[in-house]
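S.K.: The structure's right below; bear with me while I get my questions together.
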Amino acid sequence: MTKLLRNEPAITPELIAAHGLKPDEYQRILELIGREPTFTELGIFSAMWNEHCSYKSSRIHLRGLPTKAPWVIQGPGENAGVIDIGDGLAVVFKMESHNHPSYIEPYQGATTGVGGILRDVFTMGARPIACLNALSFGAPEHPKTRHLVSGVVAGVGGYGNSFGVPTVGGQMRFHTRYDGNNLVNAMAVGLAETDKIFYAAASGVNMPIVYLGSKTGRDGIHGATMASAEFDDDSDEKRPTVQVGDPFAEKLLLEACLEIMEAGCVIAIQDMGAAGLTCSAVEMGAKGDLGVDLDLDSVPTRETGMSAYEMMLSESQERMLMVLKPEKEQEAEAIFRKWGLDFAVVGYTTPSKRFVVKHGGDVMADLPIKELGDEAPVYDRPHVETPQPAVIHAREIKPPVSTTEALKRLLATPELCSKRWVWEQYDHVIGGNTLQRPGGDAAVVRVQDGPKGLALTVDVTPRYCEADPFEGGKQAVAEAWRNITAVGGKPLAITDNLNFGNPERPEIMGQLVGCLKGISDACIALDFPIVSGNVSLYNETNGRGILPTPSIGGVGLLDDFKKSATLAFKAADEAILLIGDTQGWLGQSVYLRDICGREEGAPPPVDLAAEKRNGDVVRGMIKSGTATAVHDLSDGGLLVALAEMAMASGIGAMLDAAPEQTLPHAWWFGEDQARYIVTVPVEHLLTVMSKLKAVGVPCVEIGKTGGREIVIEGETPVAIETLKAGFESWLPDYMNGKA
Amino acid sequence: MKAAVLVFPGINRERDMARTLKLVSGTEPAMVWHAETELPKGTDLVVIPGGFSYGDYLRCGAIAARAPVMDAVRAHAAKGGLVLGVCNGFQILCESGLLPGVLMRNAKLKFICRDVHLRVERSDTPFTRGYNAGQVIRVPVAHGEGNYAADEDTIRRLEGEGRVLYRYCSPAGEVGDTHNINGAAASIAGIVNDKGNVLGMMPHPENHVEEIMGCTDGRGLFAGLAAHLERAA
């Protein structure tokens, strides 16, 4: 091949380092291809071998994760995971991070995060039916936080609202450890027919490879490489690497793709996400055991004079690569033209198993295609276990305020306050299928015209993961499972989005390994496999890592959405039951941190057998109709959950005092796991209690619904309206600069 | 009812609308692509659904208002045919000159998705005959640019001629700044043209027609239209 190519720069150690490749990694390249790479080839390697695309630090630890179940159609490794929900229908879903871009340019970073995950889902032939997200921001008092919240939320909404998918749920938190490195994790869920799922693997030699969608520009070059490095004070200078989202183009791309899939034109399809044309073309070829010849002269571009290097590394959005059935090429082109989208044959599959890129008559790259992916470095990085934190006993904590005062304050904290300000900027009703809107345990979305429904949630408690990665990992999965259960769903599978700091530091690697072990154990115990996911490392600024944040997106199935539960109390004079065992675990609780000012201790342990046993019983009660309202217990504990049920309904509660053996603050605010509040009509109380006793599920009656206040025996009553005022006002006040 | 639902690139609530029309009237509507120059024969109701036609990158609805199919819609309206525009549909009707005024950015500059209450101002129109005058209904809104504005004369005319059919209000029906979610002039949520056959409204009645959604207040609008057209036929 031509050695010196049109003004391409010479390969120097500085250039190699600027591509994020370590000297030993470059050595590996030399051995693999037996010569010095061209500039374009160096760019291709840097795109394929960065952390974001190659999973080089996490891969060996991801291998052991449970990914199988009879209902799993496609596990990790494709654009998204696929599960069977019966009736010939499949749910396609995945969660992905867009952390670094969202810090540099919050609006565009968030939009392209949402756009990317939507594309992953419809690439597989599914029409997106819901989006969720998990957002982590720095401390409210940090000078940039308000700007980031405002931009990210507007961006998530701006894309999803215009694209036309309901954003039905999510999480949002503030913590100083996300100062300078916020997290934006976006999840998309789609619906497809089980016999019409599309994959990336190309098949057949000499098949046309078609480029579809928006034109290629100079945006986002090296986006994936940026996502694989830490931040410092100069990170704002990386703004040009952030892509710009165009939800209108994506909506057209969705409709056009689904139309040509329906018309039977498609053999293989891959969206251009991270590392753009490079990654998508290599994946299509490598997965299909084929070579790929690309002719860049045919690539539609937004600007003139783009080099091969730029075209191969551009992360311009809303683009797809497909292998079409040759006889259907014209039909496919007509469909794309109808939607006003670009359509160009940019290459062919070959039997050579080489990745050849031509531009202006020159061969700019000629690389072994399988090795580009398969031979990426894999690191078993040193890792040290997080030291076990001390268990804090409730008797060591003196309550600084009364129970009702603590409740009032907790509901108005950044952690527990209403996130209405966020989700009212998201169209959560489009599609006409949102049966449970944001604000409950899990969102419920009707499947077509029913009677099936999907229960969807995103969960993780980063402060638990920081204190004890193993228990924290277990808890994240258990809480997703519990939230789906609390609306009556059968939990089916999860997608994980693993956000951590710099894996080259053994203690960070230890967090990753510990969390994954916990996640794995919980998935096995709860029969809740992982079908897709994403790893985001190097979430550090100036050497300080984020809280370990393995976001878990859960999908569950309701056979009949009418047999579902919500958390709002339904009527006065119903019995309130607390299901699950309460020890009064205050270590790492929101109470300990936000009321007592102590962020410490061991997090609550997760008894997975108890989770399963208690959850299965609660789900049964929802199905049989005995449970009238259901809420899972998590952040803030029992009293916060009760207040949420009261605020959602306007119906209060009269509660017995804490039992003698438990200190009141531990009883009301402890965060013991595997617990639910369930209300039942009094006439069913005895039957329910004896049934629960028979199956060994701990259950106590703690009071009755009614009135307009939360009344605890021996405490000053507090009006629901008072609680609601604090609960609803913190976030809007903060965003208006008042808090 | 023989409804035609217009589809412009970027429209995204056409499925919601089609499902509701089918549910309430029993008849599947025709989906009509923006490049068409004629409406299906016998069309008695044109519906322009919500969404972000052409990305709303120019003024909302400005490009769609100039699409080929809109000439056919103007002709349909001129003959007295019924036209309903919801959300982006309302914006398109304003931009196409079928309705007066314009929809500006919400007063607080943020997209708003939530249930709102609307007061039905009169019941003697095809678009409101399913309700009683003064009735309060609950339907969702989902828009960033729903702040209705027009010059004083136009507002005066709209009010004087009883052309404001839906107004934002409290659950008890009071109209005022606290309940005016987007800052619209005179709390206007929906208006008709001078002949009364073209309605534009920002809220989404089509998303509140089924029991399972917890509210069926949107049904009256479509049931009223169906009844009106049945009687006319």
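A note on labels: chains of the structure tokens are A, B, ... as shown, every chain counts residues from 1, and ligands are counted from 1 in their shown order.
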Could you build a table of the residues in chain A lying no more than 7 Å from chain B, giving for each the nearest pair of atoms and their separation in Å rounded to one decimal place, using only C-alpha atoms, ordered by chain and ascending residue number, as JSON lines?

M.R.:
```
{"residue": "A:Ser162", "atom": "CA", "partner": "B:Phe52", "partner_atom": "CA", "distance": 5.6}
{"residue": "A:Gly164", "atom": "CA", "partner": "B:Asn12", "partner_atom": "CA", "distance": 5.2}
{"residue": "A:Phe248", "atom": "CA", "partner": "B:Gly55", "partner_atom": "CA", "distance": 4.7}
{"residue": "A:Lys251", "atom": "CA", "partner": "B:Gly10", "partner_atom": "CA", "distance": 6.3}
{"residue": "A:Leu252", "atom": "CA", "partner": "B:Pro9", "partner_atom": "CA", "distance": 6.8}
{"residue": "A:Glu424", "atom": "CA", "partner": "B:Cys113", "partner_atom": "CA", "distance": 4.8}
{"residue": "A:Gln425", "atom": "CA", "partner": "B:Phe111", "partner_atom": "CA", "distance": 4.9}
{"residue": "A:Tyr426", "atom": "CA", "partner": "B:Cys113", "partner_atom": "CA", "distance": 6.3}
{"residue": "A:Asp427", "atom": "CA", "partner": "B:Cys113", "partner_atom": "CA", "distance": 5.4}
{"residue": "A:Ile430", "atom": "CA", "partner": "B:Arg13", "partner_atom": "CA", "distance": 6.8}
{"residue": "A:Gly431", "atom": "CA", "partner": "B:Asp16", "partner_atom": "CA", "distance": 5.6}
{"residue": "A:Gly432", "atom": "CA", "partner": "B:Asn207", "partner_atom": "CA", "distance": 5.4}
{"residue": "A:Leu435", "atom": "CA", "partner": "B:Met213", "partner_atom": "CA", "distance": 5.9}
```

S.K.: Compile the contact shell of segment 62-68 of chain B as a PyMOL selection string: residues with an atom at most 12 Å away, counting only C-alpha atoms, same-chain residues fewer than 3 positions apart removed.

M.R.: chain B and resi 6-11+32-39+48-59+71-75+85+88-99+102-103

S.K.: Next, dump the selected residues to file, keeping only C-alpha atoms, as a PDB file, in the first residue's frame.

M.R.:
```
ATOM      1  CA  LEU B   6     -52.333  14.883   8.231  1.00  0.00           C
ATOM      2  CA  VAL B   7     -48.771  13.641   8.576  1.00  0.00           C
ATOM      3  CA  PHE B   8     -45.902  16.085   8.144  1.00  0.00           C
ATOM      4  CA  PRO B   9     -42.305  15.036   8.733  1.00  0.00           C
ATOM      5  CA  GLY B  10     -41.709  15.422  12.455  1.00  0.00           C
ATOM      6  CA  ILE B  11     -45.360  15.102  13.500  1.00  0.00           C
ATOM      7  CA  VAL B  32     -52.590  11.749   4.642  1.00  0.00           C
ATOM      8  CA  TRP B  33     -48.967  12.529   3.725  1.00  0.00           C
ATOM      9  CA  HIS B  34     -47.972  16.198   3.509  1.00  0.00           C
ATOM     10  CA  ALA B  35     -47.006  15.935  -0.158  1.00  0.00           C
ATOM     11  CA  GLU B  36     -50.548  14.974  -1.214  1.00  0.00           C
ATOM     12  CA  THR B  37     -52.492  17.638  -3.062  1.00  0.00           C
ATOM     13  CA  GLU B  38     -55.959  16.304  -2.340  1.00  0.00           C
ATOM     14  CA  LEU B  39     -57.816  14.972   0.647  1.00  0.00           C
ATOM     15  CA  ILE B  48     -53.695  18.125  12.222  1.00  0.00           C
ATOM     16  CA  PRO B  49     -52.061  16.345  15.149  1.00  0.00           C
ATOM     17  CA  GLY B  50     -49.277  17.372  17.492  1.00  0.00           C
ATOM     18  CA  GLY B  51     -45.562  17.003  17.117  1.00  0.00           C
ATOM     19  CA  PHE B  52     -42.591  18.963  15.860  1.00  0.00           C
ATOM     20  CA  SER B  53     -43.198  19.357  12.141  1.00  0.00           C
ATOM     21  CA  TYR B  54     -39.863  19.999  10.424  1.00  0.00           C
ATOM     22  CA  GLY B  55     -38.307  19.958  13.870  1.00  0.00           C
ATOM     23  CA  ASP B  56     -39.940  23.308  14.651  1.00  0.00           C
ATOM     24  CA  TYR B  57     -36.568  24.723  13.710  1.00  0.00           C
ATOM     25  CA  LEU B  58     -38.182  27.716  12.073  1.00  0.00           C
ATOM     26  CA  ARG B  59     -41.256  29.266  13.761  1.00  0.00           C
ATOM     27  CA  ASP B  71     -54.057  24.080  -0.068  1.00  0.00           C
ATOM     28  CA  ALA B  72     -56.487  21.203   0.030  1.00  0.00           C
ATOM     29  CA  VAL B  73     -57.159  21.917   3.711  1.00  0.00           C
ATOM     30  CA  ARG B  74     -57.846  25.591   2.958  1.00  0.00           C
ATOM     31  CA  ALA B  75     -60.295  24.569   0.236  1.00  0.00           C
ATOM     32  CA  GLY B  85     -55.607  21.279  14.960  1.00  0.00           C
ATOM     33  CA  ASN B  88     -48.435  21.677  16.615  1.00  0.00           C
ATOM     34  CA  GLY B  89     -51.668  21.469  14.600  1.00  0.00           C
ATOM     35  CA  PHE B  90     -52.880  24.697  16.222  1.00  0.00           C
ATOM     36  CA  GLN B  91     -49.551  26.336  15.415  1.00  0.00           C
ATOM     37  CA  ILE B  92     -49.817  25.184  11.796  1.00  0.00           C
ATOM     38  CA  LEU B  93     -53.359  26.569  11.507  1.00  0.00           C
ATOM     39  CA  CYS B  94     -52.197  29.955  12.783  1.00  0.00           C
ATOM     40  CA  GLU B  95     -49.224  29.970  10.421  1.00  0.00           C
ATOM     41  CA  SER B  96     -51.412  29.011   7.478  1.00  0.00           C
ATOM     42  CA  GLY B  97     -53.782  31.890   8.137  1.00  0.00           C
ATOM     43  CA  LEU B  98     -56.760  29.671   8.913  1.00  0.00           C
ATOM     44  CA  LEU B  99     -56.743  31.010  12.463  1.00  0.00           C
ATOM     45  CA  VAL B 102     -49.584  33.115  16.953  1.00  0.00           C
ATOM     46  CA  LEU B 103     -48.221  30.703  19.571  1.00  0.00           C
TER      47      LEU B 103
END
```

S.K.: Can you list, as an NGL selection string, all residues belonging to segment 65-290 of chain A that DSSP tags as alpha helix (DSSP H)?

M.R.: :A and (99-104 or 106-122 or 145-163 or 223-226 or 247-262 or 276-287)

S.K.: If you keep C-alpha atoms, can you produce a file of those selected residues as a JSON list (two decimals), in the first residue's frame?

M.R.:
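So selection_15.json came out as:
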```json
[["chain", "number", "residue", "atom", "x", "y", "z"],
["A", 99, "ASN", "CA", -21.39, 11.86, 30.93],
["A", 100, "HIS", "CA", -18.37, 13.71, 29.61],
["A", 101, "PRO", "CA", -20.15, 15.53, 26.75],
["A", 102, "SER", "CA", -22.95, 16.57, 29.11],
["A", 103, "TYR", "CA", -20.53, 18.27, 31.43],
["A", 104, "ILE", "CA", -18.81, 20.19, 28.67],
["A", 106, "PRO", "CA", -25.01, 20.07, 28.90],
["A", 107, "TYR", "CA", -27.81, 20.61, 26.40],
["A", 108, "GLN", "CA", -26.17, 18.96, 23.38],
["A", 109, "GLY", "CA", -24.47, 16.32, 25.49],
["A", 110, "ALA", "CA", -27.82, 15.23, 26.90],
["A", 111, "THR", "CA", -29.66, 15.35, 23.57],
["A", 112, "THR", "CA", -27.11, 13.19, 21.82],
["A", 113, "GLY", "CA", -27.15, 10.77, 24.76],
["A", 114, "VAL", "CA", -30.87, 10.30, 24.29],
["A", 115, "GLY", "CA", -30.52, 10.18, 20.51],
["A", 116, "GLY", "CA", -27.80, 7.54, 20.69],
["A", 117, "ILE", "CA", -29.75, 5.18, 22.89],
["A", 118, "LEU", "CA", -32.94, 5.59, 20.85],
["A", 119, "ARG", "CA", -30.96, 4.67, 17.75],
["A", 120, "ASP", "CA", -29.58, 1.56, 19.46],
["A", 121, "VAL", "CA", -33.15, 0.44, 20.03],
["A", 122, "PHE", "CA", -34.69, 1.14, 16.65],
["A", 145, "THR", "CA", -24.67, 22.79, 39.18],
["A", 146, "ARG", "CA", -27.70, 24.92, 38.36],
["A", 147, "HIS", "CA", -26.45, 25.53, 34.84],
["A", 148, "LEU", "CA", -25.82, 21.82, 34.32],
["A", 149, "VAL", "CA", -29.22, 20.74, 35.68],
["A", 150, "SER", "CA", -30.96, 23.30, 33.53],
["A", 151, "GLY", "CA", -29.09, 22.32, 30.36],
["A", 152, "VAL", "CA", -29.23, 18.55, 30.81],
["A", 153, "VAL", "CA", -32.94, 18.47, 31.66],
["A", 154, "ALA", "CA", -33.77, 20.75, 28.74],
["A", 155, "GLY", "CA", -31.62, 18.56, 26.48],
["A", 156, "VAL", "CA", -33.18, 15.27, 27.55],
["A", 157, "GLY", "CA", -36.62, 16.79, 27.05],
["A", 158, "GLY", "CA", -35.68, 18.64, 23.88],
["A", 159, "TYR", "CA", -34.70, 15.45, 22.14],
["A", 160, "GLY", "CA", -37.32, 13.01, 23.45],
["A", 161, "ASN", "CA", -40.22, 15.44, 23.12],
["A", 162, "SER", "CA", -39.44, 16.22, 19.52],
["A", 163, "PHE", "CA", -38.60, 12.64, 18.58],
["A", 223, "GLY", "CA", -15.68, 11.87, 21.20],
["A", 224, "ALA", "CA", -15.15, 8.30, 22.36],
["A", 225, "THR", "CA", -11.51, 8.98, 23.11],
["A", 226, "MET", "CA", -12.50, 11.97, 25.20],
["A", 247, "PRO", "CA", -34.21, 14.95, 16.91],
["A", 248, "PHE", "CA", -36.10, 15.81, 13.73],
["A", 249, "ALA", "CA", -33.55, 13.93, 11.62],
["A", 250, "GLU", "CA", -33.73, 11.03, 14.06],
["A", 251, "LYS", "CA", -37.53, 10.89, 13.85],
["A", 252, "LEU", "CA", -37.26, 10.69, 10.07],
["A", 253, "LEU", "CA", -34.54, 8.07, 10.36],
["A", 254, "LEU", "CA", -36.75, 6.02, 12.69],
["A", 255, "GLU", "CA", -39.73, 6.08, 10.35],
["A", 256, "ALA", "CA", -37.58, 5.38, 7.28],
["A", 257, "CYS", "CA", -35.72, 2.50, 8.97],
["A", 258, "LEU", "CA", -38.87, 0.84, 10.25],
["A", 259, "GLU", "CA", -40.42, 1.23, 6.81],
["A", 260, "ILE", "CA", -37.56, -0.43, 4.93],
["A", 261, "MET", "CA", -37.37, -3.16, 7.56],
["A", 262, "GLU", "CA", -41.09, -3.80, 7.10],
["A", 276, "GLY", "CA", -18.95, 6.65, 13.95],
["A", 277, "LEU", "CA", -18.30, 5.05, 10.61],
["A", 278, "THR", "CA", -15.24, 3.19, 11.88],
["A", 279, "CYS", "CA", -16.96, 1.29, 14.63],
["A", 280, "SER", "CA", -20.13, 0.51, 12.71],
["A", 281, "ALA", "CA", -18.38, -0.76, 9.57],
["A", 282, "VAL", "CA", -15.90, -2.87, 11.53],
["A", 283, "GLU", "CA", -18.65, -4.40, 13.64],
["A", 284, "MET", "CA", -20.79, -5.32, 10.65],
["A", 285, "GLY", "CA", -17.87, -6.99, 8.93],
["A", 286, "ALA", "CA", -16.29, -8.64, 11.96],
["A", 287, "LYS", "CA", -19.57, -10.07, 13.23]]
```

S.K.: Contacts of segment 402-412 of chain A at 8 Å or less, counting only C-alpha atoms, minus same-chain residues fewer than 6 places along, as a list in words?

M.R.: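 My list of contacting residues is Val590, Tyr591, Asp594, Ile595, Gly636, Leu639, Val640, Pro664, His665, Trp668, Glu715, Thr716, Pro717, Val718, Thr722, Leu723, Gly726, Phe727, Glu728, Ser729 and Trp730 of chain A.
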
S.K.: Got a sec: who's within 9 Å of Ala390 of chain A, counting only C-alpha atoms, leaving out chain neighbours fewer than 2 positions off, as a PyMOL selection string?

M.R.: chain A and resi 388+392+587+600-602

S.K.: Got a sec: who's within 7 Å of Arg122 of chain B, counting only C-alpha atoms, leaving out chain neighbours fewer than 2 positions off, as number ranges by chain?

M.R.: B: 120, 124, 128, 133-134, 165

S.K.: Would you put the residues from that selection into a file with N, CA and C atoms, as a compact mmCIF listing (two decimals), in the first residue's frame?

M.R.:
```txt
# COMPACT_ATOMS: atom_id res chain seq x y z
N VAL B 120 -64.91 24.90 29.34
CA VAL B 120 -65.56 24.89 28.02
C VAL B 120 -66.51 26.10 28.00
N ASP B 124 -72.54 25.07 22.08
CA ASP B 124 -73.31 25.05 20.83
C ASP B 124 -72.41 25.08 19.59
N THR B 128 -67.64 21.45 20.73
CA THR B 128 -67.89 21.46 22.18
C THR B 128 -69.25 20.87 22.53
N ALA B 133 -71.84 24.05 28.61
CA ALA B 133 -71.16 25.34 28.74
C ALA B 133 -70.76 25.52 30.20
N GLY B 134 -69.50 25.94 30.41
CA GLY B 134 -69.02 26.15 31.77
C GLY B 134 -68.42 24.90 32.41
N LEU B 165 -63.20 28.86 22.71
CA LEU B 165 -64.00 27.71 23.15
C LEU B 165 -63.42 27.06 24.41
```

S.K.: Give me, as a list of chain:residue names, all polymer residues having an atom no more than 9 Å from Glu471 of chain A, counting only C-alpha atoms and skipping those fewer than 6 positions away in the same chain.

M.R.: A:Tyr464, A:Cys465, A:Gly514, A:Cys515, A:Gly518, A:Ile519, A:Pro603, A:Pro604, A:Pro605, A:Val606

S.K.: Taking into account only C-alpha atoms, which residue in the set B:Lys2, B:Arg119, B:Arg219, B:Arg157 is nearest to Pro100 of chain B?

M.R.: B:Arg157
